[in-house]
$ cat data_32.txt   # compact mmCIF, C-alpha atoms (C1' of nucleotides)
# COMPACT_ATOMS: atom_id res chain seq x y z
CA MET A 1 0.00 0.00 0.00
CA ASN A 2 1.29 3.44 -0.89
CA ASP A 3 2.30 4.98 2.40
CA LEU A 4 1.64 8.55 1.28
CA GLU A 5 -2.05 8.02 0.61
CA GLY A 6 -4.33 10.20 2.68
CA LEU A 7 -1.96 13.15 3.06
CA GLU A 8 -2.50 16.66 1.77
CA PRO A 9 -1.42 17.07 -1.87
CA GLU A 10 1.19 19.64 -0.90
CA GLN A 11 2.68 17.33 1.72
CA ILE A 12 2.72 14.41 -0.66
CA ASN A 13 4.44 16.61 -3.19
CA ARG A 14 7.22 17.71 -0.87
CA ILE A 15 7.97 14.28 0.53
CA SER A 16 7.80 12.74 -2.93
CA LYS A 17 10.26 15.28 -4.25
CA ALA A 18 12.82 14.48 -1.58
CA ARG A 19 12.32 10.79 -2.17
CA GLU A 20 12.40 11.01 -5.92
CA ARG A 21 15.75 12.72 -5.97
CA VAL A 22 17.18 9.75 -4.12
CA ILE A 23 15.21 7.21 -6.13
CA ASP A 24 16.38 8.75 -9.41
CA SER A 25 19.96 8.75 -8.23
CA ILE A 26 19.82 5.15 -7.11
CA GLY A 27 18.09 4.06 -10.29
CA LYS A 28 20.56 5.88 -12.48
CA ASN A 29 23.51 4.03 -10.99
CA MET A 30 21.86 0.65 -10.88
CA ASP A 31 23.43 -0.20 -14.21
CA LEU A 32 26.52 -1.06 -12.17
CA TYR A 33 24.49 -4.00 -10.96
CA GLY A 34 23.46 -4.77 -14.51
CA ILE A 35 19.97 -3.47 -13.81
CA THR A 36 17.90 -1.38 -16.16
CA LEU A 37 16.86 2.15 -15.27
CA SER A 38 13.21 1.30 -14.82
CA ILE A 39 13.93 -1.63 -12.54
CA GLY A 40 16.22 0.67 -10.60
CA HIS A 41 13.30 3.04 -10.16
CA LEU A 42 11.16 0.15 -9.11
CA TYR A 43 13.66 -0.70 -6.42
CA GLY A 44 13.94 2.91 -5.31
CA TYR A 45 10.20 3.16 -4.83
CA MET A 46 10.12 -0.04 -2.82
CA TYR A 47 13.01 1.16 -0.72
CA PHE A 48 11.09 4.14 0.63
CA ASN A 49 7.66 2.66 0.80
CA GLU A 50 6.69 1.46 4.24
CA GLY A 51 5.70 -2.16 4.16
CA PRO A 52 5.58 -4.62 1.30
CA VAL A 53 3.91 -3.99 -2.05
CA THR A 54 2.07 -6.06 -4.64
CA LEU A 55 2.59 -6.31 -8.37
CA ASP A 56 -0.62 -4.41 -9.00
CA GLU A 57 0.45 -1.52 -6.78
CA LEU A 58 3.81 -1.39 -8.46
CA SER A 59 2.17 -1.46 -11.86
CA ARG A 60 -0.08 1.45 -10.92
CA THR A 61 2.64 3.52 -9.30
CA MET A 62 5.26 2.95 -11.99
CA GLY A 63 2.75 3.37 -14.80
CA MET A 64 4.00 0.17 -16.39
CA SER A 65 2.50 -3.17 -17.28
CA LYS A 66 2.06 -5.84 -14.68
CA THR A 67 4.22 -8.13 -16.78
CA SER A 68 7.12 -5.72 -16.53
CA MET A 69 6.67 -5.60 -12.78
CA SER A 70 6.69 -9.37 -12.65
CA THR A 71 9.97 -9.66 -14.53
CA GLY A 72 11.49 -6.69 -12.74
CA VAL A 73 10.63 -8.10 -9.36
CA ARG A 74 12.09 -11.44 -10.36
CA THR A 75 15.36 -9.79 -11.37
CA LEU A 76 15.58 -8.09 -8.00
CA LEU A 77 14.74 -11.35 -6.26
CA ASP A 78 17.55 -13.11 -8.13
CA LEU A 79 19.96 -10.45 -6.94
CA LYS A 80 18.56 -10.83 -3.43
CA MET A 81 17.77 -7.16 -3.30
CA ILE A 82 14.14 -7.81 -2.36
CA ASP A 83 12.28 -10.59 -0.60
CA LYS A 84 8.92 -12.20 -1.13
CA VAL A 85 7.02 -12.01 2.14
CA TRP A 86 3.85 -13.50 3.52
CA GLY A 87 0.82 -11.35 4.17
CA LYS A 88 -2.22 -12.98 5.68
CA GLY A 89 -5.60 -12.15 4.25
CA THR A 90 -4.35 -11.64 0.71
CA ARG A 91 -3.63 -14.01 -2.12
CA LYS A 92 -1.33 -11.55 -3.81
CA ASP A 93 2.42 -11.93 -3.59
CA LEU A 94 4.03 -9.30 -1.40
CA PHE A 95 7.55 -7.94 -1.90
CA GLU A 96 9.77 -5.73 0.18
CA VAL A 97 13.36 -4.57 -0.04
CA VAL A 98 16.14 -6.23 1.90
CA PRO A 99 17.28 -3.08 3.67
CA ASP A 100 20.88 -4.15 4.32
CA TRP A 101 22.85 -2.71 1.44
CA HIS A 102 26.12 -4.11 2.71
CA GLN A 103 24.55 -7.51 2.32
CA ASN A 104 23.18 -6.59 -1.12
CA PHE A 105 26.65 -5.64 -2.25
CA SER A 106 28.15 -8.88 -0.97
CA ASP A 107 25.41 -10.97 -2.51
CA TYR A 108 25.85 -9.28 -5.83
CA PHE A 109 29.49 -10.21 -5.95
CA SER A 110 28.83 -13.67 -4.76
CA ILE A 111 26.19 -14.21 -7.43
CA LYS A 112 27.68 -12.49 -10.45
CA TRP A 113 31.43 -12.41 -10.03
CA ARG A 114 31.94 -15.80 -8.51
CA LYS A 115 30.22 -17.42 -11.45
CA ALA A 116 32.35 -15.48 -13.91
CA VAL A 117 35.58 -16.16 -12.05
CA GLU A 118 34.94 -19.87 -11.81
CA GLY A 119 34.07 -20.06 -15.48
CA ASN A 120 37.23 -18.28 -16.46
CA MET A 121 39.31 -20.45 -14.17
CA ILE A 122 38.11 -23.58 -15.93
CA ALA A 123 39.02 -22.16 -19.32
CA LEU A 124 42.40 -20.98 -18.06
CA THR A 125 43.47 -24.25 -16.49
CA LYS A 126 42.32 -26.22 -19.51
CA SER A 127 44.31 -24.05 -21.88
CA LEU A 128 47.26 -24.06 -19.52
CA THR A 129 47.65 -27.82 -19.74
CA GLU A 130 47.35 -27.66 -23.53
CA ILE A 131 50.04 -25.01 -23.70
CA ARG A 132 52.30 -27.09 -21.48
CA ASP A 133 51.72 -30.19 -23.55
CA MET A 134 52.79 -28.27 -26.61
CA GLN A 135 55.86 -27.02 -24.80
CA ALA A 136 57.00 -30.60 -24.32
CA GLU A 137 56.13 -31.43 -27.89
CA TYR A 138 57.89 -28.51 -29.54
CA ALA A 139 60.81 -28.51 -27.11
CA GLU A 140 63.38 -28.16 -29.86
CA ASN A 141 61.60 -25.41 -31.78
CA ALA A 142 62.93 -22.24 -30.13
CA GLU A 143 60.58 -19.84 -31.90
CA ILE A 144 57.41 -21.65 -30.93
CA LEU A 145 58.72 -22.38 -27.48
CA ARG A 146 59.21 -18.70 -26.81
CA LEU A 147 55.60 -18.06 -27.79
CA LEU A 148 54.35 -20.89 -25.62
CA LEU A 149 56.31 -19.74 -22.61
CA ASN A 150 54.87 -16.30 -23.08
CA ASP A 151 51.34 -17.65 -23.22
CA GLU A 152 51.97 -19.77 -20.15
CA GLU A 153 53.23 -16.76 -18.26
CA LYS A 154 50.15 -14.75 -19.15
CA ILE A 155 47.76 -17.51 -18.20
CA MET A 156 49.57 -17.98 -14.91
CA GLU A 157 49.23 -14.28 -14.17
CA ALA A 158 45.52 -14.43 -14.90
CA ILE A 159 45.09 -17.42 -12.63
CA LYS A 160 46.89 -15.62 -9.82
CA TYR A 161 44.56 -12.68 -10.21
CA TYR A 162 41.47 -14.83 -10.14
CA ARG A 163 42.68 -16.64 -7.05
CA TRP A 164 43.03 -13.27 -5.36
CA LEU A 165 39.59 -12.22 -6.56
CA LEU A 166 38.11 -15.39 -5.13
CA LYS A 167 39.62 -14.50 -1.78
CA LEU A 168 38.01 -11.09 -2.00
CA ILE A 169 34.67 -12.61 -2.91
CA GLU A 170 34.99 -15.04 -0.04
CA ALA A 171 35.73 -12.21 2.36
CA LEU A 172 32.53 -10.57 1.19
CA GLU A 173 30.51 -13.76 1.47
CA THR A 174 31.68 -14.62 4.96
CA GLY A 175 31.51 -11.06 6.23
CA LYS A 176 35.23 -11.08 6.99
CA ILE A 177 35.48 -7.95 4.86
CA PHE A 178 33.78 -6.03 7.66
CA GLU A 179 36.58 -6.90 10.01
CA LEU A 180 39.09 -5.59 7.50
CA ILE A 181 37.05 -2.55 6.53
CA PRO A 182 34.64 -1.86 9.37
CA LYS A 183 31.13 -0.54 8.95
CA GLU A 184 30.05 2.71 10.55
CA THR A 185 28.71 2.39 14.06
CA MET B 1 51.76 -7.32 -35.59
CA ASN B 2 50.12 -10.73 -35.22
CA ASP B 3 52.64 -12.83 -33.33
CA LEU B 4 51.53 -16.10 -34.86
CA GLU B 5 52.38 -15.11 -38.41
CA GLY B 6 54.97 -17.28 -40.07
CA LEU B 7 54.15 -20.48 -38.20
CA GLU B 8 52.83 -23.69 -39.68
CA PRO B 9 49.05 -23.72 -40.10
CA GLU B 10 48.71 -26.65 -37.73
CA GLN B 11 50.77 -24.92 -35.06
CA ILE B 12 48.81 -21.71 -35.44
CA ASN B 13 45.63 -23.69 -35.11
CA ARG B 14 46.62 -25.39 -31.89
CA ILE B 15 47.93 -22.30 -30.16
CA SER B 16 44.95 -20.29 -31.35
CA LYS B 17 42.58 -22.84 -29.96
CA ALA B 18 44.12 -22.69 -26.51
CA ARG B 19 44.10 -18.92 -26.64
CA GLU B 20 40.58 -18.64 -27.96
CA ARG B 21 39.12 -20.66 -25.16
CA VAL B 22 40.53 -18.14 -22.73
CA ILE B 23 39.66 -15.16 -24.90
CA ASP B 24 36.08 -16.35 -25.25
CA SER B 25 35.79 -16.89 -21.53
CA ILE B 26 37.19 -13.47 -20.73
CA GLY B 27 35.04 -11.79 -23.33
CA LYS B 28 31.91 -13.52 -22.12
CA ASN B 29 32.31 -12.21 -18.60
CA MET B 30 33.38 -8.72 -19.57
CA ASP B 31 29.78 -7.57 -19.24
CA LEU B 32 30.55 -7.34 -15.53
CA TYR B 33 32.70 -4.42 -16.53
CA GLY B 34 29.91 -3.03 -18.66
CA ILE B 35 31.75 -4.07 -21.78
CA THR B 36 30.19 -5.61 -24.85
CA LEU B 37 31.08 -9.10 -26.01
CA SER B 38 32.99 -7.96 -29.06
CA ILE B 39 35.07 -5.45 -27.13
CA GLY B 40 35.78 -8.21 -24.66
CA HIS B 41 37.06 -10.31 -27.52
CA LEU B 42 39.12 -7.40 -28.70
CA TYR B 43 40.71 -7.18 -25.30
CA GLY B 44 41.31 -10.90 -25.14
CA TYR B 45 43.15 -10.84 -28.44
CA MET B 46 45.30 -7.96 -27.32
CA TYR B 47 46.03 -9.73 -24.07
CA PHE B 48 47.74 -12.65 -25.74
CA ASN B 49 49.34 -10.87 -28.65
CA GLU B 50 52.98 -10.04 -28.10
CA GLY B 51 53.60 -6.37 -28.55
CA PRO B 52 51.20 -3.53 -29.34
CA VAL B 53 48.70 -3.53 -32.18
CA THR B 54 47.21 -0.96 -34.53
CA LEU B 55 43.59 -0.26 -35.37
CA ASP B 56 44.09 -1.74 -38.83
CA GLU B 57 45.48 -4.96 -37.46
CA LEU B 58 42.63 -5.22 -34.99
CA SER B 59 40.14 -4.53 -37.73
CA ARG B 60 41.61 -7.28 -39.88
CA THR B 61 41.88 -9.83 -37.08
CA MET B 62 38.47 -9.18 -35.58
CA GLY B 63 36.79 -8.92 -38.94
CA MET B 64 35.14 -5.69 -37.94
CA SER B 65 35.20 -2.13 -39.19
CA LYS B 66 37.98 0.20 -38.24
CA THR B 67 35.46 2.55 -36.69
CA SER B 68 34.34 -0.17 -34.31
CA MET B 69 37.94 -0.76 -33.35
CA SER B 70 38.38 2.93 -32.73
CA THR B 71 35.43 3.14 -30.36
CA GLY B 72 36.22 -0.19 -28.74
CA VAL B 73 39.79 0.82 -28.08
CA ARG B 74 38.61 4.09 -26.63
CA THR B 75 36.30 2.28 -24.22
CA LEU B 76 39.17 0.12 -23.02
CA LEU B 77 41.37 3.19 -22.69
CA ASP B 78 38.75 4.89 -20.54
CA LEU B 79 38.69 1.87 -18.27
CA LYS B 80 42.50 1.90 -18.22
CA MET B 81 42.59 -1.67 -19.43
CA ILE B 82 44.87 -0.79 -22.32
CA ASP B 83 47.45 1.91 -22.99
CA LYS B 84 48.34 3.91 -26.03
CA VAL B 85 52.05 3.48 -26.63
CA TRP B 86 54.65 5.08 -28.83
CA GLY B 87 56.19 3.19 -31.69
CA LYS B 88 58.91 4.89 -33.67
CA GLY B 89 58.78 4.62 -37.41
CA THR B 90 54.99 4.50 -37.64
CA ARG B 91 52.33 7.14 -37.69
CA LYS B 92 49.68 4.71 -36.55
CA ASP B 93 48.50 4.65 -32.94
CA LEU B 94 49.68 1.60 -31.06
CA PHE B 95 47.80 -0.05 -28.22
CA GLU B 96 48.67 -2.73 -25.73
CA VAL B 97 47.04 -4.21 -22.66
CA VAL B 98 47.92 -3.13 -19.16
CA PRO B 99 48.83 -6.60 -17.93
CA ASP B 100 48.15 -6.02 -14.23
CA TRP B 101 44.61 -7.22 -13.67
CA HIS B 102 44.68 -6.37 -10.00
CA GLN B 103 45.23 -2.81 -11.10
CA ASN B 104 42.51 -3.10 -13.75
CA PHE B 105 40.06 -4.23 -11.13
CA SER B 106 40.97 -1.37 -8.80
CA ASP B 107 40.78 1.19 -11.57
CA TYR B 108 37.41 -0.07 -12.64
CA PHE B 109 35.99 0.47 -9.22
CA SER B 110 37.64 3.77 -8.84
CA ILE B 111 36.26 5.00 -12.15
CA LYS B 112 32.78 3.57 -12.17
CA TRP B 113 31.71 3.08 -8.58
CA ARG B 114 33.25 6.17 -7.08
CA LYS B 115 31.38 8.33 -9.52
CA ALA B 116 28.11 6.57 -8.75
CA VAL B 117 28.66 6.69 -5.00
CA GLU B 118 29.48 10.37 -5.00
CA GLY B 119 26.47 11.16 -7.14
CA ASN B 120 24.19 9.25 -4.81
CA MET B 121 25.74 10.88 -1.77
CA ILE B 122 24.90 14.33 -3.09
CA ALA B 123 21.28 13.35 -3.69
CA LEU B 124 21.04 11.69 -0.29
CA THR B 125 22.42 14.59 1.74
CA LYS B 126 20.27 17.07 -0.17
CA SER B 127 17.12 15.11 0.50
CA LEU B 128 18.16 14.50 4.08
CA THR B 129 18.20 18.21 4.88
CA GLU B 130 14.83 18.64 3.19
CA ILE B 131 13.37 15.81 5.24
CA ARG B 132 14.77 17.33 8.41
CA ASP B 133 13.40 20.75 7.56
CA MET B 134 9.99 19.20 7.16
CA GLN B 135 10.35 17.42 10.48
CA ALA B 136 10.74 20.78 12.20
CA GLU B 137 7.86 22.21 10.22
CA TYR B 138 5.39 19.41 10.82
CA ALA B 139 6.50 18.79 14.39
CA GLU B 140 2.96 18.63 15.73
CA ASN B 141 1.59 16.36 13.00
CA ALA B 142 2.27 12.89 14.37
CA GLU B 143 1.28 10.99 11.23
CA ILE B 144 3.57 12.93 8.91
CA LEU B 145 6.33 13.01 11.49
CA ARG B 146 6.35 9.24 11.65
CA LEU B 147 6.78 9.07 7.89
CA LEU B 148 9.54 11.64 7.92
CA LEU B 149 11.44 9.89 10.68
CA ASN B 150 11.19 6.71 8.69
CA ASP B 151 12.56 8.36 5.59
CA GLU B 152 15.36 9.94 7.58
CA GLU B 153 16.29 6.57 9.02
CA LYS B 154 16.44 5.03 5.58
CA ILE B 155 18.52 7.81 4.10
CA MET B 156 20.92 7.62 7.04
CA GLU B 157 21.32 3.90 6.49
CA ALA B 158 22.09 4.48 2.84
CA ILE B 159 24.65 7.14 3.69
CA LYS B 160 26.35 4.79 6.13
CA TYR B 161 26.60 2.16 3.44
CA TYR B 162 28.06 4.55 0.92
CA ARG B 163 30.62 5.76 3.43
CA TRP B 164 31.69 2.17 3.90
CA LEU B 165 31.78 1.64 0.16
CA LEU B 166 34.00 4.70 -0.23
CA LYS B 167 36.41 3.19 2.25
CA LEU B 168 36.50 0.00 0.20
CA ILE B 169 37.08 1.97 -2.98
CA GLU B 170 39.83 3.92 -1.28
CA ALA B 171 41.48 0.71 -0.13
CA LEU B 172 41.46 -0.43 -3.75
CA GLU B 173 42.80 2.87 -5.04
CA THR B 174 45.64 3.09 -2.55
CA GLY B 175 46.51 -0.58 -2.75
CA LYS B 176 45.79 -1.02 0.94
CA ILE B 177 43.44 -3.83 -0.05
CA PHE B 178 46.49 -5.96 -0.87
CA GLU B 179 47.65 -5.72 2.71
CA LEU B 180 44.25 -6.89 3.90
CA ILE B 181 43.86 -9.54 1.22
CA PRO B 182 47.33 -10.41 -0.04
CA LYS B 183 48.16 -11.29 -3.63
CA GLU B 184 49.73 -14.60 -4.50
CA THR B 185 53.50 -14.67 -4.37
C1' DT C 1 -17.33 -28.01 -10.78
C1' DT C 2 -17.47 -23.54 -11.62
C1' DT C 3 -15.84 -18.84 -11.01
C1' DA C 4 -12.78 -15.22 -10.01
C1' DG C 5 -8.23 -13.67 -8.92
C1' DT C 6 -3.32 -13.97 -9.57
C1' DG C 7 1.38 -14.47 -11.65
C1' DT C 8 3.86 -15.56 -15.77
C1' DA C 9 4.93 -17.48 -20.56
C1' DC C 10 4.57 -16.04 -25.21
C1' DA C 11 4.25 -13.30 -29.28
C1' DG C 12 4.40 -8.83 -31.05
C1' DT C 13 5.92 -3.93 -30.90
C1' DT C 14 8.79 -0.26 -29.79
C1' DT C 15 12.98 1.56 -28.17
C1' DT C 16 17.87 1.27 -27.64
C1' DA C 17 22.46 -0.03 -28.66
C1' DA C 18 25.90 -2.11 -31.69
C1' DC C 19 27.96 -1.90 -35.90
C1' DT C 20 29.04 -0.23 -40.80
C1' DT C 21 29.72 3.00 -44.47
C1' DT C 22 30.82 7.37 -45.76
C1' DA C 23 32.91 11.61 -45.18
C1' DC C 24 35.85 14.89 -43.01
C1' DG C 25 39.71 17.22 -40.21
C1' DT C 26 44.40 16.92 -38.96
C1' DA C 27 49.11 15.98 -39.58
C1' DC C 28 52.84 14.19 -42.05
C1' DT C 29 55.35 13.76 -46.84
C1' DT C 30 56.96 15.16 -50.97
C1' DA D 1 51.08 23.63 -51.92
C1' DA D 2 49.19 19.08 -52.94
C1' DG D 3 48.71 14.55 -51.84
C1' DT D 4 48.38 10.77 -48.60
C1' DA D 5 47.61 8.34 -44.26
C1' DC D 6 45.25 8.24 -40.15
C1' DG D 7 41.59 8.44 -36.52
C1' DT D 8 36.99 9.71 -35.59
C1' DA D 9 32.42 12.08 -36.15
C1' DA D 10 27.90 11.55 -38.42
C1' DA D 11 24.26 9.19 -40.50
C1' DG D 12 22.24 4.97 -41.67
C1' DT D 13 21.38 0.01 -40.87
C1' DT D 14 20.93 -4.04 -38.40
C1' DA D 15 20.57 -6.67 -34.18
C1' DA D 16 19.11 -6.81 -29.31
C1' DA D 17 16.56 -5.48 -25.38
C1' DA D 18 12.86 -3.54 -22.98
C1' DC D 19 8.21 -3.28 -22.71
C1' DT D 20 3.09 -4.37 -23.69
C1' DG D 21 -1.19 -7.07 -24.37
C1' DT D 22 -3.09 -11.40 -24.51
C1' DA D 23 -3.66 -15.92 -23.16
C1' DC D 24 -3.11 -19.52 -20.01
C1' DA D 25 -2.13 -22.33 -15.83
C1' DC D 26 -2.73 -22.50 -11.07
C1' DT D 27 -5.04 -21.69 -6.74
C1' DA D 28 -8.76 -20.57 -3.60
C1' DA D 29 -13.37 -19.77 -2.71
C1' DA D 30 -18.37 -20.67 -3.65
$ encode --input "data_32.txt" --output "structure tokens"
Amino acid sequence: MNDLEGLEPEQINRISKARERVIDSIGKNMDLYGITLSIGHLYGYMYFNEGPVTLDELSRTMGMSKTSMSTGVRTLLDLKMIDKVWGKGTRKDLFEVVPDWHQNFSDYFSIKWRKAVEGNMIALTKSLTEIRDMQAEYAENAEILRLLLNDEEKIMEAIKYYRWLLKLIEALETGKIFELIPKET
Amino acid sequence: MNDLEGLEPEQINRISKARERVIDSIGKNMDLYGITLSIGHLYGYMYFNEGPVTLDELSRTMGMSKTSMSTGVRTLLDLKMIDKVWGKGTRKDLFEVVPDWHQNFSDYFSIKWRKAVEGNMIALTKSLTEIRDMQAEYAENAEILRLLLNDEEKIMEAIKYYRWLLKLIEALETGKIFELIPKET
DNA sequence: TTTAGTGTACAGTTTTAACTTTACGTACTT
DNA sequence: AAGTACGTAAAGTTAAAACTGTACACTAAA
């Protein structure tokens, strides 16, 4: 339910303005999370609204189709930025934001970057063994060997980087990052 | 210059295959950096090639227009993933990858996230003062006051998060992150 | 079983972004 | 001064995505 309903128009206007500045700003930078502007707006609205909302309310407030709300909400669910919650007395699904942005940030990395890193690692190690096989095979061909050693070196560097990145991701997942870089009190 | 030129077709094929697996994998996950698949490929090729390359070489190798190479290269330059280098004897621009991926990662955050965080911070503080002004103004209206306190709380939480995020970004920029989470030796 | 309410898959449309072709400005060569 | 090589801006085209409307499956109530 829209929490501004029932106020004077002028009051609604002033509060909305303050909120919308923030909502716009959040939405605009949501592309860093791979999220479209309109879904960013969606999230911003949910962030300020007191209590959970339904797809129909979102559709009405955002002036967009219910289908778009459905897919948008699902994207935000996948990123663990919102939760589906139970509301007795209604058959509609209810959604509300997960208010802990530190957690959102960590989850995002866990979800997106870990997958990418692990995928790249597989490709790197596979190619590394191939390169090394060829090194043995072309051991007497100096020209090729130089190339192969160079490739090996580069792949090794990449692997080192990804191992470091995995440690960073792990620190985010376990919350150890907040020992290293403390939150505000 | 393509570093595989002059080899036997079969040798080129084998080395290329090992490289391409990695290049594909890198390119595929470059969207995390907000980079398109083809620019990711571009980067991957440059990563393995020995020595800097020109726009014409890239165009030929990638099978894409020179204009696309120009814009692609500029994107990578903006993200500090490649450098423009001097080559005597040629009037063409030469480009090569910055091989330190730890640095790439740090730069990316510095460039993209810092800008977003600072933008959001401005919006948040601006709206925060507005909300607080209204709190003083509507001090005797309990219903509105409750709403305003709620909004204030949420904005404060967001500001706290962004301050933490700035510390993380700073740790990346200064390299302090590598004391907290050490690189491989 | 029917009926109404709800979320989503699907197909179609519109908007956006990627890419290409052409053309131009600048700088080097002769 | 004239010609050539180079990188990029501009306009046009093609491919991708965001978004909508409709239809359908599922559930709960009557």
$ interface_residues --input "data_32.txt" --of "chain B" --to "chain C" --cutoff "9 Å" --atoms "all atoms listed in the file" --output "ChimeraX atom specification"
/B:36,64-65,67-68,91
$ closest_atom_pairs --input "data_32.txt" --of "chain B" --to "chain D" --cutoff "10 Å" --atoms "only C-alpha atoms (C1' of nucleotides)" --output "CSV"
residue,atom,partner,partner_atom,distance
B:Leu55,CA,D:DG7,C1',9.0
B:Lys66,CA,D:DG7,C1',9.2
B:Thr67,CA,D:DT8,C1',7.4
B:Ser70,CA,D:DG7,C1',7.4
B:Thr71,CA,D:DT8,C1',8.5
B:Arg91,CA,D:DC6,C1',7.6
B:Lys92,CA,D:DC6,C1',6.7
B:Asp93,CA,D:DG7,C1',8.7
$ interface_residues --input "data_32.txt" --of "chain B" --to "chain A" --cutoff "6 Å" --atoms "all atoms listed in the file" --output "NGL selection string"
:B and (18 or 22 or 25 or 29 or 116 or 120 or 123-124 or 127 or 164 or 183)
$ atom_distance --input "data_32.txt" --atom1 "CA of Lys176 (chain A)" --atom2 "CA of Glu118 (chain B)"
25.2 Å
$ atom_distance --input "data_32.txt" --atom1 "CA of Glu173 (chain A)" --atom2 "CA of Tyr108 (chain B)"
20.8 Å
$ atom_distance --input "data_32.txt" --atom1 "CA of Asp107 (chain A)" --atom2 "CA of Met62 (chain A)"
26.3 Å
$ axis_aligned_box --input "data_32.txt" --around "region 61-79 of chain A" --padding-each-side "6 Å" --output "lines of an AutoDock Vina configuration file"
center_x = 11.0
center_y = -4.8
center_z = -11.8
size_x = 29.9
size_y = 28.6
size_z = 23.0
